[in-house]
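Report on one structure; see the data block that follows.
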Amino acid sequence: MEKYGVNQLRKMFLEYFEEKGHLKMNSFSLVPHNDNSLLIINSGMAPLKPYFTGQEIPPRKRVTTCQKCVRTGDIDNVGKTARHGTFFEMLGNFSFGDYFKKEAIPWAWEFLTETVGLDPDRLYPSVYVDDDEAYRIWNEDMKIPADRIFKFGKEDNFWEHGSGPCGPCTEIYYDRGEKYGCGKPGCTVGCDCDRYMEVWNVVFSQFDNDGHGNYSDLVQKNIDTGMGLERLAVAVQDVDSIFDVDTLKSLRDAVCGMSGKTYHASDRDDVSIRVITDHIRSATFMISDGIMPSNTGRGYVLRRIIRRACRHGKLLGIDGAFLTKLADVVIEGSKDGYPELEEKKSFIMNVISEEEEKFEKTINQGLEILDGMINSLSGKKVLSGEDGFKLFDTFGFPVDLTKEILEEKGISLDEEGFEKAAKEHKEKAKGSWKKTNYMGAASTVYEELDAALNTEFTGYDSLEASEEIAALCLLHPEGDEEDSVSEALSEGEHGAVITRKTPFYGTMGGQVGDTGVISTSDGEFKVTETIHVAGSKIAHVGVVTKGMIKKGDRAVLKVNEKGRMDTCRNHSATHLMQKALREVLGSHVEQKGSYQDPEKTRFDFSHFKAMTAEELKQVEEIVNEKIAAALLVDTKEMSIEEAKKTGAMALFGEKYGDRVRVVNMGDWSVELCGGTHVKNTSQISQFKIVSESGVSAGVRRIEAISGDNVRKYYEKLESQADEAAALLKTTPSELAEHIKKLQAELKALKSENESLKNKAASGQLEGVLDKVLDINGVKFLAASVDNVDMNGLRDLGDKLKDKLGDGVILLVSSKDGKVNLVSMVTDECIKKGAHAGNLIKGVAALVGGGGGGRPNMAQAGGKDPSGIPAVIEKAPEILKSQLEA
């Protein structure tokens, strides 16, 4: 058998399945697209999930790929054994409702035995124990003896993940020979040793799991296969492990050459050699897909991998930066299958070099500090979380690196304490930041950019431009990490793009910045906000929605045309409104504030009182007249002195440069303005004032809408009127009259209800005067009534006072789960020492409340009706103590 190289095997596999009618698709990015369940692509099937679930239609029913993958779940074991690695390539052939078991099984066998040349007698298939169809194909069609076909249960040969599509699988194992075995008598397929290696897994997606263990047949049956390229190479090249296949061996040899170490000479050195060999592959591929080192998400995975490799380089005695040299070896060995590695080579090198340099500055000091912390433990086996966090926060040590170093010395980290310290730090940091928008929270990152970099706005006449990306910033809207200048942004990352020219208007003068899209050959960036930042730069703030964008990329900047036009309508309408306000209210009207976005305009102006309905109507009519007049909107740039001569209205106290823009709307409105406008007032279409209110002393605010927003406004009002009319079983035109009738009826019913309530309450007090007590010569009546509010209790108190004459009254009622108390004392009783406020205060606590009042009248509320009997019982004691005082 020929010992094919990794690049040859990849090519052979893809060409084999192309001949079987499959569409060869390039590897997808390691950054998942529209899949929040994954941080990084970790299988060949992962990026194809939309085709399996039906969310997207595949480009062809048969597809084949070689997918780059990264798995870091067992990163701590990488290096310790030769089995584990973070980066691998997954070969796959997929069927979306096309072929099934009868084709997939023979093709897998044919490729391995005839195309690659593996010895059929050393291949052993396994099937799911209940999959008789797969067993029959292997046994009867492929002529594999029954004693060479292994049946396994769900744990090994049934693929499912919760509810949804699932099914049995068949796996093909390769017998690598006795030299890789454990030597035990029963060693066979399924043994934990390295002799029998699984090389291919074919999943038959044929059932639908309802999530409760009930399975039904899928209408569209699919094939999902996966074969690790490096594993296949191990079998074909007959080598010990993935670290011995041709591409990884050349990388491993480079590590040995740099360090002066020999592989297999020292177990400890071997660990470091394998860590570096694996990690530089992952780092190189991750960066090529736009993943940038950071302290969160996939960026943290990358930072951890790079810094772990750096540290193991030091353990091997490698001085200074070395990873870019190894990245060059990765690129050279893999560019046949992944040409983007060569295309992005300088970018990859820059990112690795910068990250390595950052870590180099702190690692020696950090290691020294960690050694000191370990020595101070005095034999203890746990490092405090606070110390661990200090290393992370101050010296940039990933916590995993700290844990790894501690583990080597038989020490653990107090992870709970680490999390507590991190949380406290985060809260403290949040409290010290003055977070507004990116303009405020991220101002420092923009100040780190080249001061000579400025942006020219070109969007007065064009909404699209082609420009080179001059700078990028990685932003963290949640404030959980510092913003930073970056070489690239990848999918899902928030950031800012800066170019030397832009058609995007940056928020200024009350007009909000444009939104839109920035596209490059490799990615797409959604602009959600455009702002002016340090110097004369304009930052396009947003998020990468697809692929990656890099500094130096040629980009197409395209403004959201509708959003810009709607904003222009509102802005131009504001100019017309300001002039109309001066005509209707007087020349004292001056702009005090302004805001325009695609939805509305908000205008603050000086005026001493609320505008009348008639004044608002007049302003609205004038503006709409000028819109209908189709006035030409002409903008000229001139000196400030020339502008003053035209009579252009300027903002009081505003600072203007030597050159200004003067916006003329016919010969009616002339203002200094740097914003964007319609070309003709007729484009505004229509104008509507929706509110007028006060902002502060002498300042009023109008909110208004224009264009299509006016139609939407009236449609909403019409819909609300229709809904209200339907509820009242009338028509919109008769709605007002119907409401008047209902109001009259409601008033009559309220009056009748109050009368009935008073009668009911009075009825509860029949015979109550028989319960009057004599307390030291003062008549005292304490009574409880049901379902009476405070007003009702006061009315009852007044009536009882009239009947009782001189005396003291206490009424208590429970209504809707709450307690009301009222006490009344006549003047003569006050002279004897009775005090309504103190009486209430003395009993209110019994019903879970509090209150008080004047000597002659007091009231209180409570929340515990069960205490009412205790109030009635205790009240005489309190009154008695008052009279005896």
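Scheme for the structure tokens: letters A, B, ... for chains in order shown; per-chain residue numbers from 1; ligand numbers from 1 in order shown.
Using only C-alpha atoms, the protein and nucleic acid residues lying no more than 9 Å from Val203 of chain A, apart from those fewer than 6 places from it along its own chain, are Asn157, Phe158, Trp159, Cys166, Gly167, Pro168, Cys169, Thr170, Glu171, Asn222, Ile223, Asp224, Thr225 and Gly226 of chain A.
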Once you count only C-alpha atoms, what closest atom pair and distance in Å to one decimal does each residue of segment 678-792 of chain A within 6 Å of segment 804-818 of chain A have, with rows by chain and rising residue number, as CSV?
residue,atom,partner,partner_atom,distance
A:Val778,CA,A:Gly807,CA,5.9
A:Lys779,CA,A:Gly807,CA,4.7
A:Phe780,CA,A:Val808,CA,4.8
A:Leu781,CA,A:Ile809,CA,4.9
A:Ala782,CA,A:Leu810,CA,4.6
A:Ala783,CA,A:Leu811,CA,5.2
A:Ser784,CA,A:Val812,CA,4.6
A:Val785,CA,A:Ser813,CA,5.0
A:Asp786,CA,A:Ser813,CA,5.3
A:Asn787,CA,A:Lys815,CA,4.4
A:Val788,CA,A:Ser813,CA,5.9
Close residues, segment 135-137 of chain A itself excluded, 10 Å, only C-alpha atoms, min 4 positions apart in chain, as number ranges by chain: A: 101-103, 105-106, 125-131, 141-144, 146, 149-151, 170
Using only C-alpha atoms: which of A:Ile41, A:Ile830, A:Val822, A:Val556 has the shortest distance to Gly850 of chain A: A:Val822
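Atom CA of Val541 of chain A lies 4.3 Å from atom CA of Ala496 of chain A.
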DSSP-assigned strand (DSSP E) among segment 593-805 of chain A, expressed as an NGL selection string: :A and (593-596 or 601-606 or 633-639 or 659-665 or 669-672 or 687-696 or 699-706 or 773-775 or 778-786)
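Shortest atom-to-atom contact with Asp246 of chain A among A:Val234, A:Ile276, A:Ile872, A:Ile531: A:Val234, counting only C-alpha atoms.
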All residues 7 Å or closer to Ser486 of chain A, only C-alpha atoms, same chain fewer than 5 positions away omitted, as a PyMOL selection string: chain A and resi 472-474
Mind writing the picked residues with all heavy atoms as a JSON list (two decimals), in the first residue's frame?
[["chain", "number", "residue", "atom", "x", "y", "z"],
["A", 472, "LEU", "N", -9.58, 49.45, 12.44],
["A", 472, "LEU", "CA", -10.67, 48.68, 13.05],
["A", 472, "LEU", "C", -10.53, 48.71, 14.56],
["A", 472, "LEU", "O", -9.41, 48.70, 15.09],
["A", 472, "LEU", "CB", -10.62, 47.22, 12.59],
["A", 472, "LEU", "CG", -10.94, 46.93, 11.12],
["A", 472, "LEU", "CD1", -10.60, 45.48, 10.80],
["A", 472, "LEU", "CD2", -12.40, 47.20, 10.81],
["A", 473, "CYS", "N", -11.64, 48.75, 15.24],
["A", 473, "CYS", "CA", -11.65, 48.66, 16.71],
["A", 473, "CYS", "C", -12.60, 47.54, 17.12],
["A", 473, "CYS", "O", -13.70, 47.42, 16.58],
["A", 473, "CYS", "CB", -12.12, 49.98, 17.34],
["A", 473, "CYS", "SG", -11.02, 51.36, 17.01],
["A", 474, "LEU", "N", -12.18, 46.73, 18.06],
["A", 474, "LEU", "CA", -13.03, 45.68, 18.64],
["A", 474, "LEU", "C", -13.71, 46.28, 19.85],
["A", 474, "LEU", "O", -13.05, 46.75, 20.78],
["A", 474, "LEU", "CB", -12.19, 44.47, 19.05],
["A", 474, "LEU", "CG", -12.93, 43.32, 19.75],
["A", 474, "LEU", "CD1", -13.99, 42.71, 18.84],
["A", 474, "LEU", "CD2", -11.93, 42.24, 20.18]]
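Proximity to Arg231 of chain A was assessed for A:Gly510, A:Gly73, A:Gly862, A:Gly85 counting only C-alpha atoms; the smallest distance is recorded for A:Gly85.
Residues in contact with Thr86 of chain A at 9 Å, where only C-alpha atoms are counted and same-chain residues fewer than 5 positions away are skipped, are listed as Cys69, Val70, Arg71, Thr72, Gly73, Asp74, Ile75, Val78, Asp278, His279, Arg281 and Ser282 of chain A.
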Pull N, CA, C and O atoms from the residues just selected and write them as a PDB file, in the first residue's frame.
ATOM      1  N   CYS A  69     -11.826  21.803  11.741  1.00  0.00           N
ATOM      2  CA  CYS A  69     -12.561  21.753  13.009  1.00  0.00           C
ATOM      3  C   CYS A  69     -11.624  22.048  14.184  1.00  0.00           C
ATOM      4  O   CYS A  69     -10.425  21.750  14.123  1.00  0.00           O
ATOM      5  N   VAL A  70     -12.193  22.601  15.226  1.00  0.00           N
ATOM      6  CA  VAL A  70     -11.451  22.818  16.466  1.00  0.00           C
ATOM      7  C   VAL A  70     -12.312  22.342  17.627  1.00  0.00           C
ATOM      8  O   VAL A  70     -13.477  22.728  17.746  1.00  0.00           O
ATOM      9  N   ARG A  71     -11.730  21.469  18.476  1.00  0.00           N
ATOM     10  CA  ARG A  71     -12.403  21.035  19.703  1.00  0.00           C
ATOM     11  C   ARG A  71     -11.468  21.283  20.881  1.00  0.00           C
ATOM     12  O   ARG A  71     -10.305  20.875  20.833  1.00  0.00           O
ATOM     13  N   THR A  72     -11.974  21.940  21.905  1.00  0.00           N
ATOM     14  CA  THR A  72     -11.115  22.263  23.053  1.00  0.00           C
ATOM     15  C   THR A  72     -11.647  21.682  24.356  1.00  0.00           C
ATOM     16  O   THR A  72     -11.168  22.031  25.428  1.00  0.00           O
ATOM     17  N   GLY A  73     -12.622  20.784  24.254  1.00  0.00           N
ATOM     18  CA  GLY A  73     -13.191  20.193  25.471  1.00  0.00           C
ATOM     19  C   GLY A  73     -12.166  19.442  26.298  1.00  0.00           C
ATOM     20  O   GLY A  73     -12.251  19.403  27.527  1.00  0.00           O
ATOM     21  N   ASP A  74     -11.192  18.834  25.625  1.00  0.00           N
ATOM     22  CA  ASP A  74     -10.164  18.084  26.357  1.00  0.00           C
ATOM     23  C   ASP A  74      -8.786  18.716  26.151  1.00  0.00           C
ATOM     24  O   ASP A  74      -7.773  18.018  26.086  1.00  0.00           O
ATOM     25  N   ILE A  75      -8.744  20.041  26.053  1.00  0.00           N
ATOM     26  CA  ILE A  75      -7.478  20.737  25.802  1.00  0.00           C
ATOM     27  C   ILE A  75      -6.430  20.424  26.868  1.00  0.00           C
ATOM     28  O   ILE A  75      -5.229  20.396  26.590  1.00  0.00           O
ATOM     29  N   VAL A  78      -4.324  17.595  25.832  1.00  0.00           N
ATOM     30  CA  VAL A  78      -3.489  17.729  24.643  1.00  0.00           C
ATOM     31  C   VAL A  78      -2.030  17.815  25.080  1.00  0.00           C
ATOM     32  O   VAL A  78      -1.664  18.622  25.933  1.00  0.00           O
ATOM     33  N   ASP A 278       0.355  21.001  18.019  1.00  0.00           N
ATOM     34  CA  ASP A 278      -1.102  21.067  17.837  1.00  0.00           C
ATOM     35  C   ASP A 278      -1.605  22.506  17.886  1.00  0.00           C
ATOM     36  O   ASP A 278      -2.385  22.939  17.026  1.00  0.00           O
ATOM     37  N   HIS A 279      -1.190  23.259  18.886  1.00  0.00           N
ATOM     38  CA  HIS A 279      -1.770  24.576  19.122  1.00  0.00           C
ATOM     39  C   HIS A 279      -1.467  25.581  18.015  1.00  0.00           C
ATOM     40  O   HIS A 279      -2.302  26.435  17.703  1.00  0.00           O
ATOM     41  N   ARG A 281      -1.241  24.943  14.913  1.00  0.00           N
ATOM     42  CA  ARG A 281      -2.180  24.637  13.808  1.00  0.00           C
ATOM     43  C   ARG A 281      -3.522  25.302  14.075  1.00  0.00           C
ATOM     44  O   ARG A 281      -4.079  25.980  13.210  1.00  0.00           O
ATOM     45  N   SER A 282      -4.041  25.088  15.278  1.00  0.00           N
ATOM     46  CA  SER A 282      -5.333  25.690  15.626  1.00  0.00           C
ATOM     47  C   SER A 282      -5.286  27.203  15.494  1.00  0.00           C
ATOM     48  O   SER A 282      -6.169  27.830  14.908  1.00  0.00           O
TER      49      SER A 282
END
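Counting only C-alpha atoms and comparing A:Leu406, A:Leu557, A:Met286, A:Val330, the residue that lies closest to Val351 of chain A is A:Met286.
Of the residues listed (A:Lys179, A:His677, A:Lys832, A:Lys501), A:His677 shows the shortest atom-to-atom separation from Leu576 of chain A; distances use only C-alpha atoms.
Among the candidate residues A:Lys558, A:Glu481, A:Met665, A:Glu424, the one lying nearest to Glu464 of chain A is A:Lys558, with distances computed using only C-alpha atoms.
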Show which residues sit within 10 Å of Arg268 of chain A, as a PDB file with C-alpha atoms, in the first residue's frame. Count only C-alpha atoms, and ignore same-chain residues fewer than 4 positions away.
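Full text of selection_38.pdb as output:
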ATOM      1  CA  GLY A  79       0.200  16.969  24.851  1.00  0.00           C
ATOM      2  CA  LYS A  80      -0.148  14.545  27.733  1.00  0.00           C
ATOM      3  CA  HIS A 264      10.725  10.544  22.390  1.00  0.00           C
ATOM      4  CA  SER A 272       5.510  20.415  25.260  1.00  0.00           C
ATOM      5  CA  ILE A 273       6.449  19.408  21.700  1.00  0.00           C
ATOM      6  CA  LEU A 315       9.649  24.987  29.020  1.00  0.00           C
ATOM      7  CA  LEU A 316      11.604  23.674  26.012  1.00  0.00           C
TER       8      LEU A 316
END
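All residues of protein, DNA or RNA that reach within 7 Å of segment 414-423 of chain A, judged by only C-alpha atoms and not counting those fewer than 5 positions away in the chain, are Val382, Leu383, Ser384, Gly385, Glu386, Gly388 and Phe389 of chain A.
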